[in-house]
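Colleague: I am attaching a structure below and will ask some questions about it afterwards.
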Amino acid sequence: MRLAPRQNAITVTLPATCPPAQALAFLHNNKSWLASRLKRVQNAFSFTIDSVIPIEGQPHRIVHSPNQRGGARIENGQIIVCGETAFISRRVMDCLRHHAARVLGTELREMAKAADLKPTRLDIRDPTSRWGSCSTTGRIMLSWRLIMAPPEVRHYLIAHELSHLVHMDHSNQFWQQVKRLTPHRQRAEAWLRHHGPNLMRAGQQELPLA
């Protein structure tokens with residue numbers, strides 16, 4: 001059983017031979033777990049006027065400037081969004097995604113250079129259930145949503161993906177490589193457990209659970 005924050009849904013996976021009644025009973029028996037997770041995702045960041053969201057660890061308020069042109073920009077602790085109200089959320093997301101490409105790209109290159117590692121490419125995407133990945137060809141993917149995470153979380157996740165350039169598994173050798181690149185594993189993983197679901201749902205429309 002898992003809560004899919006981006007879809008605002010509960011997913012229960014069961015074997016083909018398992019009767020639906022047993023799955024429902026399992027769901028009922030774990031309602032306390034569900035309640036605690038639902039409480040977390042109810043406080044997801046909202047990309048609406050006057051909302052405050054973190055960028056690189058600093059709070060930024062969304063300010064609407066309907067008469068200006070240019071989409072959205074980050075300026076003096078604000079995200080200034082131009083144009084019609086209906087496009088605010090999308091323009092904030094686009095702005096954050098572009099900013100993430102610059103910041104995460106710089107952070108990745110700096111860590112890779114210091115560790116003498118050579119990723120072949122960085123893609124900034126919007127995955128639904130993970131923060132990053134590394135292919136066997138050295139291509140690294142990072143979620144743009146990490147721009148809203150604290151610096152130590154970004155540092156850990158970049159170190160995690162760069163470490164896959166050395167070890168493509170999660171063996172003890174892999175974790176030793178991660179440890180050589182970053183001291184932030186425990187703190188970052190704790191932050192992601194607590195705040196990750198909200199981050200995955202940032203800017204998404206609130207829908208009732210089905």
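Just remember, in the structure tokens the first chain shown is A, the second B, etc., residues are 1-based per chain, and ligands are 1-based in the order shown.
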List as a list in words the protein and nucleic acid residues near Phe45 of chain A, meaning an atom at most 7 Å away when only C-alpha atoms are counted, but skip any in the same chain fewer than 5 places from it.
Modeller: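 Answer for this query is Ile53, Asn198, Leu199, Ala202 and Gly203 of chain A.
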Colleague: Write out as a short mmCIF file (atom, residue, chain, number, x, y, z; two decimals) with C-alpha atoms, in the first residue's frame the residues lying within 8 Å of segment 23-30 of chain A, counting only C-alpha atoms and excluding same-chain residues fewer than 3 positions away.
Modeller:
```
data_model
loop_
_atom_site.label_atom_id
_atom_site.label_comp_id
_atom_site.auth_asym_id
_atom_site.auth_seq_id
_atom_site.Cartn_x
_atom_site.Cartn_y
_atom_site.Cartn_z
CA MET A 1 0.00 0.00 0.00
CA VAL A 12 -3.00 -1.11 -2.93
CA LEU A 14 -2.20 -7.37 -4.34
CA CYS A 18 -5.93 -12.27 -3.23
CA PRO A 19 -9.65 -11.52 -2.78
CA PRO A 20 -10.66 -7.81 -2.78
CA TRP A 33 -0.71 5.05 8.87
CA LEU A 34 -2.83 6.53 6.08
#
```
Colleague: Counting only C-alpha atoms, what is within 10 Å of Asp123 of chain A, bar same-chain residues fewer than 4 positions away, as a PyMOL selection string?
Modeller: chain A and resi 101+104-105+132-133+139-144
Colleague: What lies within 12 Å of Gln173 of chain A using only C-alpha atoms, ignoring chain neighbours under 6 positions off, as a list of chain:residue names?
Modeller: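 Using only C-alpha atoms, the neighbours found are A:Ser163, A:His164, A:Val166, A:His167, A:Lys179, A:Arg180.
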Colleague: Output C-alpha atoms for every residue in that selection, as a CSV table (one decimal), in the first residue's frame.
Modeller:
```csv
chain,number,residue,atom,x,y,z
A,163,SER,CA,27.8,7.7,-7.0
A,164,HIS,CA,26.0,5.5,-9.5
A,166,VAL,CA,30.9,4.2,-9.9
A,167,HIS,CA,28.5,1.6,-8.6
A,179,LYS,CA,29.7,9.0,2.1
A,180,ARG,CA,32.9,10.2,0.4
```
Colleague: Which residues come within 8 Å of Leu117 of chain A, counting only C-alpha atoms, excluding same-chain residues fewer than 4 positions away, as a ChimeraX atom specification?
Modeller: /A:112-113,162,165
Colleague: Could the residues in this selection be saved with C-alpha atoms as a short mmCIF file (atom, residue, chain, number, x, y, z; two decimals), in the first residue's frame?
Modeller:
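Final output, part30.cif:
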```
data_model
loop_
_atom_site.label_atom_id
_atom_site.label_comp_id
_atom_site.auth_asym_id
_atom_site.auth_seq_id
_atom_site.Cartn_x
_atom_site.Cartn_y
_atom_site.Cartn_z
CA ALA A 112 31.51 15.98 -10.30
CA LYS A 113 34.67 17.99 -10.93
CA LEU A 162 26.93 10.72 -9.10
CA LEU A 165 28.61 6.41 -12.02
#
```
Colleague: List the neighbours of segment 61-73 of chain A out to 7 Å using only C-alpha atoms; skip same-chain residues closer than 6 positions along the sequence, and give me the result as a list of chain:residue names.
Modeller: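 Neighbouring residues, sequence-local ones excluded: A:Thr48, A:Ile49, A:Asp50, A:Ser51, A:Val52, A:Ile53, A:Ile79, A:Ile80, A:Val81, A:Cys82, A:Gly83, A:Glu84, A:Arg91, A:Val92, A:Cys95.
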Colleague: Go ahead and save the residues from that selection, with N, CA, C and O atoms, as an mmCIF file, in the first residue's frame.
Modeller:
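Writing done, so here's again_18.cif:
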```cif
data_model
loop_
_atom_site.group_PDB
_atom_site.id
_atom_site.type_symbol
_atom_site.label_atom_id
_atom_site.label_comp_id
_atom_site.auth_asym_id
_atom_site.auth_seq_id
_atom_site.Cartn_x
_atom_site.Cartn_y
_atom_site.Cartn_z
ATOM 1 N N THR A 48 -0.063 29.890 -5.557
ATOM 2 C CA THR A 48 -1.130 30.866 -5.704
ATOM 3 C C THR A 48 -0.656 32.211 -5.147
ATOM 4 O O THR A 48 0.381 32.296 -4.477
ATOM 5 N N ILE A 49 -1.414 33.253 -5.418
ATOM 6 C CA ILE A 49 -1.046 34.600 -4.982
ATOM 7 C C ILE A 49 -0.857 34.638 -3.469
ATOM 8 O O ILE A 49 -1.675 34.119 -2.697
ATOM 9 N N ASP A 50 0.249 35.230 -3.034
ATOM 10 C CA ASP A 50 0.631 35.411 -1.631
ATOM 11 C C ASP A 50 1.129 34.146 -0.947
ATOM 12 O O ASP A 50 1.494 34.191 0.241
ATOM 13 N N SER A 51 1.154 33.014 -1.663
ATOM 14 C CA SER A 51 1.742 31.813 -1.070
ATOM 15 C C SER A 51 3.248 32.008 -0.921
ATOM 16 O O SER A 51 3.880 32.712 -1.707
ATOM 17 N N VAL A 52 3.815 31.378 0.081
ATOM 18 C CA VAL A 52 5.254 31.451 0.318
ATOM 19 C C VAL A 52 5.848 30.066 0.090
ATOM 20 O O VAL A 52 5.407 29.087 0.704
ATOM 21 N N ILE A 53 6.836 29.988 -0.784
ATOM 22 C CA ILE A 53 7.481 28.718 -1.074
ATOM 23 C C ILE A 53 8.996 28.893 -0.946
ATOM 24 O O ILE A 53 9.521 29.981 -1.167
ATOM 25 N N ILE A 79 8.544 35.860 -6.109
ATOM 26 C CA ILE A 79 8.333 35.323 -7.457
ATOM 27 C C ILE A 79 7.264 36.202 -8.079
ATOM 28 O O ILE A 79 6.087 36.132 -7.702
ATOM 29 N N ILE A 80 7.664 37.065 -8.978
ATOM 30 C CA ILE A 80 6.740 38.013 -9.601
ATOM 31 C C ILE A 80 6.165 37.375 -10.854
ATOM 32 O O ILE A 80 6.896 37.011 -11.779
ATOM 33 N N VAL A 81 4.850 37.229 -10.867
ATOM 34 C CA VAL A 81 4.173 36.538 -11.957
ATOM 35 C C VAL A 81 3.330 37.531 -12.745
ATOM 36 O O VAL A 81 2.512 38.254 -12.169
ATOM 37 N N CYS A 82 3.545 37.554 -14.039
ATOM 38 C CA CYS A 82 2.818 38.487 -14.905
ATOM 39 C C CYS A 82 1.618 37.799 -15.560
ATOM 40 O O CYS A 82 1.491 36.587 -15.541
ATOM 41 N N GLY A 83 0.754 38.623 -16.145
ATOM 42 C CA GLY A 83 -0.355 38.092 -16.936
ATOM 43 C C GLY A 83 -1.572 37.691 -16.130
ATOM 44 O O GLY A 83 -1.750 38.103 -14.977
ATOM 45 N N GLU A 84 -2.393 36.855 -16.744
ATOM 46 C CA GLU A 84 -3.689 36.487 -16.168
ATOM 47 C C GLU A 84 -3.550 35.548 -14.977
ATOM 48 O O GLU A 84 -2.617 34.751 -14.891
ATOM 49 N N ARG A 91 3.063 29.320 -14.642
ATOM 50 C CA ARG A 91 4.206 30.207 -14.828
ATOM 51 C C ARG A 91 5.191 30.114 -13.669
ATOM 52 O O ARG A 91 6.396 30.226 -13.872
ATOM 53 N N VAL A 92 4.683 29.904 -12.458
ATOM 54 C CA VAL A 92 5.581 29.690 -11.327
ATOM 55 C C VAL A 92 6.373 28.403 -11.542
ATOM 56 O O VAL A 92 7.598 28.363 -11.333
ATOM 57 N N CYS A 95 9.034 28.902 -14.151
ATOM 58 C CA CYS A 95 10.118 29.720 -13.605
ATOM 59 C C CYS A 95 11.033 28.879 -12.709
ATOM 60 O O CYS A 95 12.267 28.949 -12.820
#
```
Colleague: Write out as a VMD selection string the residues lying within 10 Å of segment 189-192 of chain A, counting only C-alpha atoms and excluding same-chain residues fewer than 4 positions away.
Modeller: chain A and resid 131 149 to 150 152 to 153 156 to 157 184 to 185 196 to 199
Colleague: I need the residue nearest Ser135 of chain A from this list: A:Arg2, A:Arg121, A:Arg90, A:Arg187. Use only C-alpha atoms for the distance.
Modeller: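 Closest residue, counting only C-alpha atoms: A:Arg121.
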Colleague: Please return as a ChimeraX atom specification: the residues of segment 10-149 of chain A that backbone DSSP assigns to strand (DSSP E or B).
Modeller: /A:10-11,52-55,58-65,72-75,78-82,121-125,132-134,139-143
